[in-house]
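Written out below as structure tokens is the structure these notes cover.
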Amino acid sequence: MTAASPTSSGRRFLFVVPPLVGHVNPTVGVAAELTARGHQVAWAGLPEVVQRLVGHGAAVHRCAGPVIGEGGAERPPEVRGPGALKFLWEDFLVPLAEAMAPDVARAIAEFRPDVVVADQQTVAGALVAERLGVRWATSATTSAEFTGALDGMPKIDAWLDGLLAGLRGRIGDPRGTADPRFSPDLVLAFTTEELAGRPVRAADHIRYVGPSIAGRPAEPDFPWEWLDPARPTVLITLGTANTDAGERFLAASREAVRARADRFQTVIVDPAGTLGPPSADADKNLLTVPRIPQLRLLERVSAVVCHAGHNTVCEALWHGVPLVVAPIRDDQPVVAAQVVAAGAGVRVRFGRARAAALGEAVDAVLDEPGHRAAAER
């Protein structure tokens, strides 16, 4: 792939991203703004995932690497806590970095970027840019890494530091010293300091920019006519990476909202179709779909039930929508704690949540004005 010559005043920005929807989507808005300012942008990643998210006219430099989930690194749904973190890095992120490194170097040689914008967990972008002497910034799609989430687990923190040091020796500059998760020049944090709290790492380089709210080329169709604008709407979603763990939770959520069908309408996102066909009698006020145009739908909803995924939480709060959060693993418990501390939602236990408890939590965020006021704040 050969890029066109840059304009006299424009610069080139290469986004290095993993094959994960929640990590690619925030870059779309940033890239759109850079393009509007006369710069050139391109992506390095897996085209089968990245291209449909960034638009078919965008330049995507192919990078090899594993995917997570079906057909790739399979994480058992019961793996949580430190075990989930260990799996994420050893079975997915480190192999991803090693596989992507040669292709990232090739993309840099072809596109000649002035700046590499590396996803915080796609450390090949940072390590290869450092080795080649290209300035790099960090795209941080979660705040857990720089708010001290591992402070209470020094052994895990030391283990991860060792893992990254070994990776630098294989694909980066062994003389380098920067943590590849935190650019020494710029960390874009798609949240607010009021929600995430004061950072304990990279504080001088973090810029809190809030969620990336921009049109997304990959938005699916949605039956907007189904929504009754006169009634409250509740959205239930577990994001794009939790299909394996979500069947029981979605079933319990459906039971909870069925019992409240006279009060509000509900949209459930069920990517794998685990809930089966709707009941004509019980589900008149319930819509189940595999995907949603999330940003546009959030303009119309009154509450969100989710897994405390960072993008979903920050996008909901940007729209002033309170949350019921049920964290599963990874950074989600940290983000859920931020929501509760802000007063913007209610936390429930994902693994043990029953319909009654979920229903009460939804009632709380809909009926108690403090949660909405905190979300709007």
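Order determines the names: the first chain of the structure tokens is A, the second B, and so forth; residues in each chain are numbered 1 upward, and ligands are numbered 1 upward as they are shown.
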
Per residue of region 135-191 of chain A within 12 Å of region 197-213 of chain A, note the shortest atom pair and the distance in Å to one decimal, counting only C-alpha atoms, and order the rows by chain and increasing residue number, as a tab-separated table.
residue	atom	partner	partner_atom	distance
A:Ala137	CA	A:His205	CA	9.6
A:Thr138	CA	A:Ile206	CA	9.1
A:Ser139	CA	A:Ile206	CA	10.1
A:Ala140	CA	A:Ile206	CA	9.4
A:Thr141	CA	A:Pro211	CA	9.0
A:Thr142	CA	A:Pro211	CA	10.5
A:Ser143	CA	A:Pro199	CA	8.4
A:Ala144	CA	A:Pro199	CA	9.3
A:Glu145	CA	A:Arg201	CA	8.1
A:Phe146	CA	A:Arg201	CA	4.9
A:Thr147	CA	A:Pro199	CA	4.6
A:Gly148	CA	A:Val200	CA	5.9
A:Ala149	CA	A:Val200	CA	9.6
A:Leu150	CA	A:Val200	CA	10.9
A:Asp151	CA	A:Val200	CA	9.6
A:Ala178	CA	A:Ala202	CA	10.5
A:Asp179	CA	A:Ala202	CA	9.6
A:Pro180	CA	A:Ala202	CA	11.4
A:Arg181	CA	A:Ala202	CA	9.6
A:Phe182	CA	A:Ala202	CA	6.4
A:Ser183	CA	A:His205	CA	7.5
A:Pro184	CA	A:His205	CA	6.5
A:Asp185	CA	A:His205	CA	5.8
A:Leu186	CA	A:His205	CA	4.9
A:Val187	CA	A:Ile206	CA	4.6
A:Leu188	CA	A:Arg207	CA	5.3
A:Ala189	CA	A:Tyr208	CA	4.9
A:Phe190	CA	A:Gly210	CA	4.5
A:Thr191	CA	A:Gly210	CA	4.0

task = Within region 60-301 of chain A, find each residue whose DSSP state, derived from the backbone, is strand (DSSP E), and express the selection as a count of residues only.
result = 33

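The protein and nucleic acid residues lying at most 9 Å from region 289-301 of chain A are A:Ile213, A:Ala214, A:Gly215, A:Arg216, A:Ala218, A:Glu219, A:Pro220, A:Asp221, A:Phe222, A:Trp224, A:Leu227, A:Pro229, A:Pro232, A:Thr233, A:Val234, A:Leu235, A:Thr240, A:Val267, A:Ile268, A:Val269, A:Asp270, A:Pro271, A:Ala272, A:Gly273, A:Thr312, A:Glu315, A:Ala316, A:His319, A:Val321, with only C-alpha atoms considered and sequence neighbours fewer than 4 positions away removed.
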
inquiry  = Can you pull out the residues contacting region 253-262 of chain A? Cut-off 10 Å, using only C-alpha atoms, and skip same-chain residues under 2 positions away; I want them as a ChimeraX atom specification.
reply    = /A:231,234,236,247-251,264-268,275,282-286,288,305,353-363

message = I need the residues of region 36-247 of chain A that end up classed as alpha helix (DSSP H) by DSSP on the backbone, written out as a VMD selection string.
response = chain A and resid 36 47 to 54 81 to 87 94 to 111 123 to 132 154 to 171 193 to 196 247

message = Can you pull out the residues contacting region 160-175 of chain A? Cut-off 6 Å, using only C-alpha atoms, and skip same-chain residues under 5 positions away; I want them as a list in words.
response = Leu127, Val128 and Arg131 of chain A

With N, CA and C atoms kept, could you save the residues just selected as a compact mmCIF listing (two decimals), in the first residue's frame?
# COMPACT_ATOMS: atom_id res chain seq x y z
N LEU A 127 6.37 -0.11 21.02
CA LEU A 127 7.72 -0.67 21.04
C LEU A 127 8.41 -0.54 19.69
N VAL A 128 7.67 -0.76 18.61
CA VAL A 128 8.27 -0.64 17.28
C VAL A 128 8.55 0.83 16.95
N ARG A 131 11.62 1.86 18.73
CA ARG A 131 12.82 1.28 18.10
C ARG A 131 13.19 2.00 16.81

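You can rank A:Leu14, A:Ala126, A:Ala36, A:Ala31 by their closest distance to Pro113 (chain A) using only C-alpha atoms, and at the top of that list sits A:Leu14.
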
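The residue that comes closest to Arg135 (chain A), out of A:Leu34, A:Arg12, A:Gly239, A:Glu110 and on the basis of only C-alpha atoms, is A:Arg12.
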
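One distance worth recording is that between CA of Asp228 (chain A) and CA of Val324 (chain A), which is 22.1 Å.
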